[in-house]
Structure formats: structure tokens, C-alpha cells
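These notes concern the structure reproduced below.
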Protein chains: 2
Amino acid sequence: MLFSPLVDELVESLRCLPGVGQKTAQRMAFHLLEKGRSGGERLADALAGAMTGVRRCETCQNFSDTPTCGLCQDPERNTGLVCVVESPSDLLAIEQAGDYRGSYFVLMGHLSPIDGVGPADIGIDLLLKRVRQEGVSELILATNPTVEGEATAHYIADRLADPVGGRQVLITRLAHGIPVGGELGYVDGFTLTHAFRGRKPLAE
Amino acid sequence: MLFSPLVDELVESLRCLPGVGQKTAQRMAFHLLEKGRSGGERLADALAGAMTGVRRCETCQNFSDTPTCGLCQDPERNTGLVCVVESPSDLLAIEQAGDYRGSYFVLMGHLSPIDGVGPADIGIDLLLKRVRQEGVSELILATNPTVEGEATAHYIADRLADPVGGRQVLITRLAHGIPVGGELGYVDGFTLTHAFRGRKPLAE
């Protein structure tokens with residue numbers, strides 16, 4: 001661009017956002033400059049604050065402003081029940097469903113030897129330490145139903161196969177089945193097979 | 001969200017970007033926090049700089065860091081030729097084509113009585129003053145080929161219908177025709193009609 005180094009730098013910086021290329025970055029920059037200066041200033045402050053202030057919770061690895069996050073500090077949460085998810089957005093989806101009242105552990109990824117991601121990189125040692133020390137009774141493995149997510153779940157289950165501190169930790173996995181509100185005709189065969197095997201009496 | 005006010009504020013602020021809703025804002029925030037902290041800090045600085053530092057050029061109304069923009073200061077540009085565009089992205093497209101060496105005037109919009117946008121709001125008075133005072137010989141009306149763009153072009157042409165300072169300013173409009181590299185079968189009838197009427201001898 002020719003007319004303004006400040007605008008050039010803004011367009012270039014916006015490209016660090018996922019899914020934003022040159023044209024979209026231009027459109028965003030011009031929109032902010034034309035109609036959204038106050039929004040742009042607010043975003044600048046929010047970014048500066050979050051990039052320096054957000055750390056990882058020492059207990060669950062989720063993003064947090066404090067050494068221990070709000071969820072881990074909440075006394076109403078059942079700390080004997082730990083749900084293991086791959087990312088903060090998975091945690092958010094479960095929280096928005098509103099039914100789960102246990103605690104979490106956020107892996108921030110999944111095992112992926114081809115990318116050099118091993119158990120230490122996603123904090124599995126921290127998780128196992130927590131299970132051993134804090135009397136966790138059930139571990140819900142809610143990693144994604146993908147090859148990597150299943151492998152990560154199996155790896156964690158294997159590491160906890162032996163009794164921990166003299167007692168066996170219950171390890172569970174989320175149920176597969178047809179999504180609520182879905183149309184049966186569009187559900188894939190594997191999911192339907194799982195749904196048949198997991199069928200329940202109507203009265204339950 | 002429950003776990004971090006800083007993350008909440010970041011997600012909320014990202015929604016000021018055009019085309020970014022709740023889910024996309026979440027994805028962007030998590031991406032920056034997980035993998036792009038340095039990019040996020042750079043973006044924060046660029047936003048803060050641009051939101052306070054970018055003004056409008058006093059001559060052509062385009063975005064600029066200085067009272068007069070780089071294009072208007074360029075002595076190699078023909079100031080007797082002024083191309084009128086609706087937005088900075090239109091100007092960029094023309095600059096990237098690389099053939100035009102005149103100067104510009106950026107309306108930052110078009111006439112739209114239904115939205116309360118009149119001639120004063122898009123700087124037409126400033127444009128007319130420039131045409132009268134600076135010996136402009138040709139005004140190229142490159143507003144968009146939409147109803148509003150055509151209306152804006154006709155309004156400007158009407159205001160300059162009488163001779164300015166004893167001489168007639170030449171007023172032109174970009175040619176309609178088939179796009180280079182397009183397929184004839186997909187070109188609409190109006191464009192084809194324009195292309196036929198504007199046909200030229202092969203030798204030219």
C-alpha cells in the first residue's frame with residue numbers, strides 16, 4: 001500500500017488471526033477506521049491485556065487470569081469427578097450445556113507423535129499427579145472422537161490401568177449415538193451401530 | 001464464560017470486526033492465546049497506533065498518517081487528472097492495476113438519501129472546490145456500477161455541467177465491457193450490450 005504505513009501495519013498484523021487473508025484483513029482495517037474506531041481501541045486494550053495477563057491454571061491447565069482458575073476455585077464443583085477435554089472451546093461447550101458439575105482438565109491438544117507432541121507436552125503427567133494426590137474417583141475422557149483423540153484417551157486409560165493409591169479410578173468415555181434433533185437418514189453407519197448397541201429401555 | 005474476565009473481554013472485543021460472530025471470536029481468541037501471543041501483541045500495538053494516528057488526507061479524503069497523503073504529495077502524479085472512487089479499497093485495486101498515474105478523490109461512501117447521506121457527508125463540496133481551484137482538466141468518475149454509485153456519478157457530473165473558471169472540465173466514466181479472462185456465456189445481457197456498443201477496430 002502507498003498511502004499510510006500505519007494502515008499497512010494494521011492490515012499486516014490482522015493476518016495473524018486464523019482464517020484472515022490479505023483481502024479480509026484490508027476489509028477489517030477499513031471497517032475499523034471508517035466506522036469502528038472506539039471498537040478498535042477497545043480491541044487494542046483487550047488484546048494487550050490478554051496477551052500479557054492470561055496464563056494457564058496450575059490445576060486444570062485452562063486459560064486463567066489467576067494462578068488457579070475460577071472453575072477450580074469454585075467450592076460447589078465436585079473435584080472427585082474430572083472431565084478431560086482437548087481445548088478450552090470443548091470446555092465451554094460442556095459448560096454451556098449446563099448439566100455437568102464436576103471439574104476439568106484441559107490438555108490443550110492431543111497426542112500426535114508425527115508432530116512431536118508427546119504426553120509431557122499436553123500435561124498428562126500433571127493430570128496423573130492430580131488423580132493420584134487428590135482422590136479423583138472418576139475420570140471422564142471427553143477428547144474428540146477422532147483418531148488422535150481416541151489414541152490420547154486410550155493412552156491416559158492405560159496409564160491408570162493399575163489401582164492408584166490402593167483404589168481403582170473409574171475411567172469413562174462419552175457415549176456415542178444419534179445427535180438430539182438429528183435426522184436418522186443422515187447419521188453415519190458407525191454412529192448408528194453405537195446407538196443400537198447403547199439402546200435403553202424407554203422407561204429409563 | 002467462567003474462567004477468565006480477560007479472555008471474555010477479548011472475545012467480546014473481537015466481535016467489532018466485520019463478519020466475526022461469537023464462535024469465530026472465540027476461535028480467534030483461543031488461537032492467539034495458544035499459538036500467537038507475539039502476533040497478538042503486534043496487533044494490539046498496530047490497532048492502538050492506527051486508531052489514534054490515522055486521519056483523512058486534506059486533499060483527497062483517503063486515510064493518511066499525515067495531513068496530506070503520500071499519493072497527493074507525489075510530484076510524479078498528474079494532479080490535472082482526478083479519479084473519484086467510493087472507498088480506499090477501490091483506490092487500492094486501481095493502484096494494483098498499476099497503469100493509472102493521476103490523482104484521486106475518495107468519497108468514503110455514496111449518495112444515499114434513504115440513509116441520510118447527502119453531498120456534504122461524502123465531501124463533494126471539497127471535490128468541487130478542488131476542481132475549481134486546482135485546474136483539474138479531467139474528472140474520472142469511478143464510483144461503483146450500482147444504483148447508488150451511478151446516482152453519485154450523475155450528481156457530480158450535473159454540478160460540473162457549467163464551465164468552471166471559463167473552461168469546461170472533461171468528465172468521464174469507466175468503460176463497461178466483458179472482463180478480461182471471462183467467459184462470454186456467463187456475461188449478463190447489459191454488459192454484453194455495452195461491450196457491443198463500445199467495440200473497437202482490432203488494429204487499435
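In the C-alpha cells, each chain is lettered A, B, ... as it comes, each chain's residues begin at 1, and ligands are numbered from 1 in order of appearance.
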
List every residue of region 51-113 of chain B that has an atom at most 12 Å from any atom of region 20-27 of chain A, and for each one report the closest atom pair and its distance in Å to one decimal, counting only C-alpha atoms, with rows sorted by chain and then by increasing residue number, as a tab-separated table.
```
residue	atom	partner	partner_atom	distance
B:Ser87	CA	A:Arg27	CA	10.6
B:Pro88	CA	A:Gln26	CA	9.5
B:Ser89	CA	A:Gln26	CA	7.6
B:Asp90	CA	A:Arg27	CA	11.3
B:Leu92	CA	A:Gln26	CA	9.9
B:Ala93	CA	A:Lys23	CA	10.8
```

Residues from last step as file, C-alpha atoms, as an mmCIF file, in the first residue's frame:
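Result file is out_34.cif:
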```cif
data_model
loop_
_atom_site.group_PDB
_atom_site.id
_atom_site.type_symbol
_atom_site.label_atom_id
_atom_site.label_comp_id
_atom_site.auth_asym_id
_atom_site.auth_seq_id
_atom_site.Cartn_x
_atom_site.Cartn_y
_atom_site.Cartn_z
ATOM 1 C CA SER B 87 -13.607 3.688 -0.949
ATOM 2 C CA PRO B 88 -9.898 3.160 -0.178
ATOM 3 C CA SER B 89 -10.176 -0.458 -1.380
ATOM 4 C CA ASP B 90 -11.300 0.789 -4.822
ATOM 5 C CA LEU B 92 -6.039 0.110 -3.933
ATOM 6 C CA ALA B 93 -7.463 -2.015 -6.756
#
```

Please, which residues of chain A lie no more than 8 Å from chain B when the count uses only C-alpha atoms, and can they be set out as a ChimeraX atom specification?
/A:1-7,9-10,13-14,16-18,26-28,30-33,36-37,39-51,53-54,62-65,69-71,88-89,92

If you run DSSP on the backbone here, which positions in region 92-172 of chain A get helix (DSSP H, G or I)? Please write them as a ChimeraX atom specification.
/A:92-97,113-115,124-133,147-159

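Nearest to Tyr155 (chain A) of all the residues A:Leu111, A:Val131, A:Val117, A:Val180 is A:Leu111, based on only C-alpha atoms.
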
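The spacing separating CA of Pro119 (chain B) from CA of Val85 (chain B) amounts to 14.3 Å.
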
Name all residues at most 9 Å from Ile178 (chain A) (count only C-alpha atoms; drop same-chain ones fewer than 6 positions away) and give them as a list of chain:residue names.
A:Leu184, A:Val187, A:Thr191, A:Leu192, A:His194, A:Ala195

Just the residues within 12 Å of Arg130 (chain B), please, counting only C-alpha atoms, with nothing from its chain fewer than 6 positions along; format it as a PyMOL selection string.
chain B and resi 58-61+79-82+103-105+123-124+136-137+139+160+164

How would you write, as a ChimeraX atom specification, the set of residues in region 7-141 of chain A that DSSP gives as strand (DSSP E or B)?
/A:55-56,63-64,78-85,102-106,112,117,138-141

Write to file, as an mmCIF file, in the first residue's frame, the residues of the selection just made, with N, CA and C atoms.
```
data_model
loop_
_atom_site.group_PDB
_atom_site.id
_atom_site.type_symbol
_atom_site.label_atom_id
_atom_site.label_comp_id
_atom_site.auth_asym_id
_atom_site.auth_seq_id
_atom_site.Cartn_x
_atom_site.Cartn_y
_atom_site.Cartn_z
ATOM 1 N N ARG A 55 -2.716 -16.533 31.781
ATOM 2 C CA ARG A 55 -1.769 -17.642 31.970
ATOM 3 C C ARG A 55 -2.543 -18.957 31.963
ATOM 4 N N ARG A 56 -1.898 -20.055 32.323
ATOM 5 C CA ARG A 56 -2.574 -21.344 32.414
ATOM 6 C C ARG A 56 -2.827 -21.661 33.881
ATOM 7 N N PHE A 63 -7.083 -21.574 30.395
ATOM 8 C CA PHE A 63 -6.690 -20.168 30.481
ATOM 9 C C PHE A 63 -7.251 -19.553 31.748
ATOM 10 N N SER A 64 -6.483 -18.680 32.372
ATOM 11 C CA SER A 64 -6.917 -18.064 33.618
ATOM 12 C C SER A 64 -6.162 -16.766 33.848
ATOM 13 N N ASN A 78 -17.609 -30.605 42.059
ATOM 14 C CA ASN A 78 -17.175 -31.902 42.556
ATOM 15 C C ASN A 78 -15.764 -32.193 42.028
ATOM 16 N N THR A 79 -14.759 -32.061 42.897
ATOM 17 C CA THR A 79 -13.377 -32.251 42.428
ATOM 18 C C THR A 79 -13.005 -33.733 42.304
ATOM 19 N N GLY A 80 -13.895 -34.624 42.777
ATOM 20 C CA GLY A 80 -13.648 -36.058 42.624
ATOM 21 C C GLY A 80 -13.963 -36.538 41.204
ATOM 22 N N LEU A 81 -14.603 -35.687 40.422
ATOM 23 C CA LEU A 81 -15.003 -36.017 39.060
ATOM 24 C C LEU A 81 -14.235 -35.076 38.125
ATOM 25 N N VAL A 82 -13.407 -35.639 37.235
ATOM 26 C CA VAL A 82 -12.600 -34.788 36.347
ATOM 27 C C VAL A 82 -12.913 -35.125 34.892
ATOM 28 N N CYS A 83 -13.265 -34.113 34.129
ATOM 29 C CA CYS A 83 -13.556 -34.295 32.701
ATOM 30 C C CYS A 83 -12.348 -33.804 31.900
ATOM 31 N N VAL A 84 -11.760 -34.684 31.088
ATOM 32 C CA VAL A 84 -10.562 -34.338 30.314
ATOM 33 C C VAL A 84 -10.977 -33.924 28.903
ATOM 34 N N VAL A 85 -10.685 -32.673 28.527
ATOM 35 C CA VAL A 85 -11.028 -32.187 27.182
ATOM 36 C C VAL A 85 -9.767 -31.729 26.459
ATOM 37 N N GLY A 102 -18.833 -31.281 37.681
ATOM 38 C CA GLY A 102 -17.517 -31.716 38.156
ATOM 39 C C GLY A 102 -16.449 -30.707 37.758
ATOM 40 N N SER A 103 -15.175 -31.121 37.822
ATOM 41 C CA SER A 103 -14.096 -30.230 37.412
ATOM 42 C C SER A 103 -13.515 -30.705 36.074
ATOM 43 N N TYR A 104 -12.496 -29.996 35.602
ATOM 44 C CA TYR A 104 -11.962 -30.249 34.257
ATOM 45 C C TYR A 104 -10.452 -30.439 34.266
ATOM 46 N N PHE A 105 -9.967 -30.991 33.157
ATOM 47 C CA PHE A 105 -8.545 -30.896 32.840
ATOM 48 C C PHE A 105 -8.437 -30.645 31.340
ATOM 49 N N VAL A 106 -7.758 -29.540 30.971
ATOM 50 C CA VAL A 106 -7.681 -29.145 29.558
ATOM 51 C C VAL A 106 -6.301 -29.519 29.014
ATOM 52 N N SER A 112 0.231 -36.564 19.320
ATOM 53 C CA SER A 112 0.439 -36.599 17.874
ATOM 54 C C SER A 112 1.928 -36.786 17.604
ATOM 55 N N VAL A 117 4.304 -34.191 19.394
ATOM 56 C CA VAL A 117 3.555 -33.881 20.614
ATOM 57 C C VAL A 117 3.428 -35.148 21.453
ATOM 58 N N GLU A 138 -13.539 -40.521 39.495
ATOM 59 C CA GLU A 138 -13.905 -40.828 38.102
ATOM 60 C C GLU A 138 -13.258 -39.835 37.141
ATOM 61 N N LEU A 139 -12.701 -40.378 36.060
ATOM 62 C CA LEU A 139 -12.081 -39.563 35.029
ATOM 63 C C LEU A 139 -12.908 -39.755 33.747
ATOM 64 N N ILE A 140 -13.538 -38.673 33.277
ATOM 65 C CA ILE A 140 -14.342 -38.752 32.050
ATOM 66 C C ILE A 140 -13.465 -38.300 30.887
ATOM 67 N N LEU A 141 -13.149 -39.205 29.973
ATOM 68 C CA LEU A 141 -12.271 -38.841 28.859
ATOM 69 C C LEU A 141 -13.116 -38.283 27.716
#
```
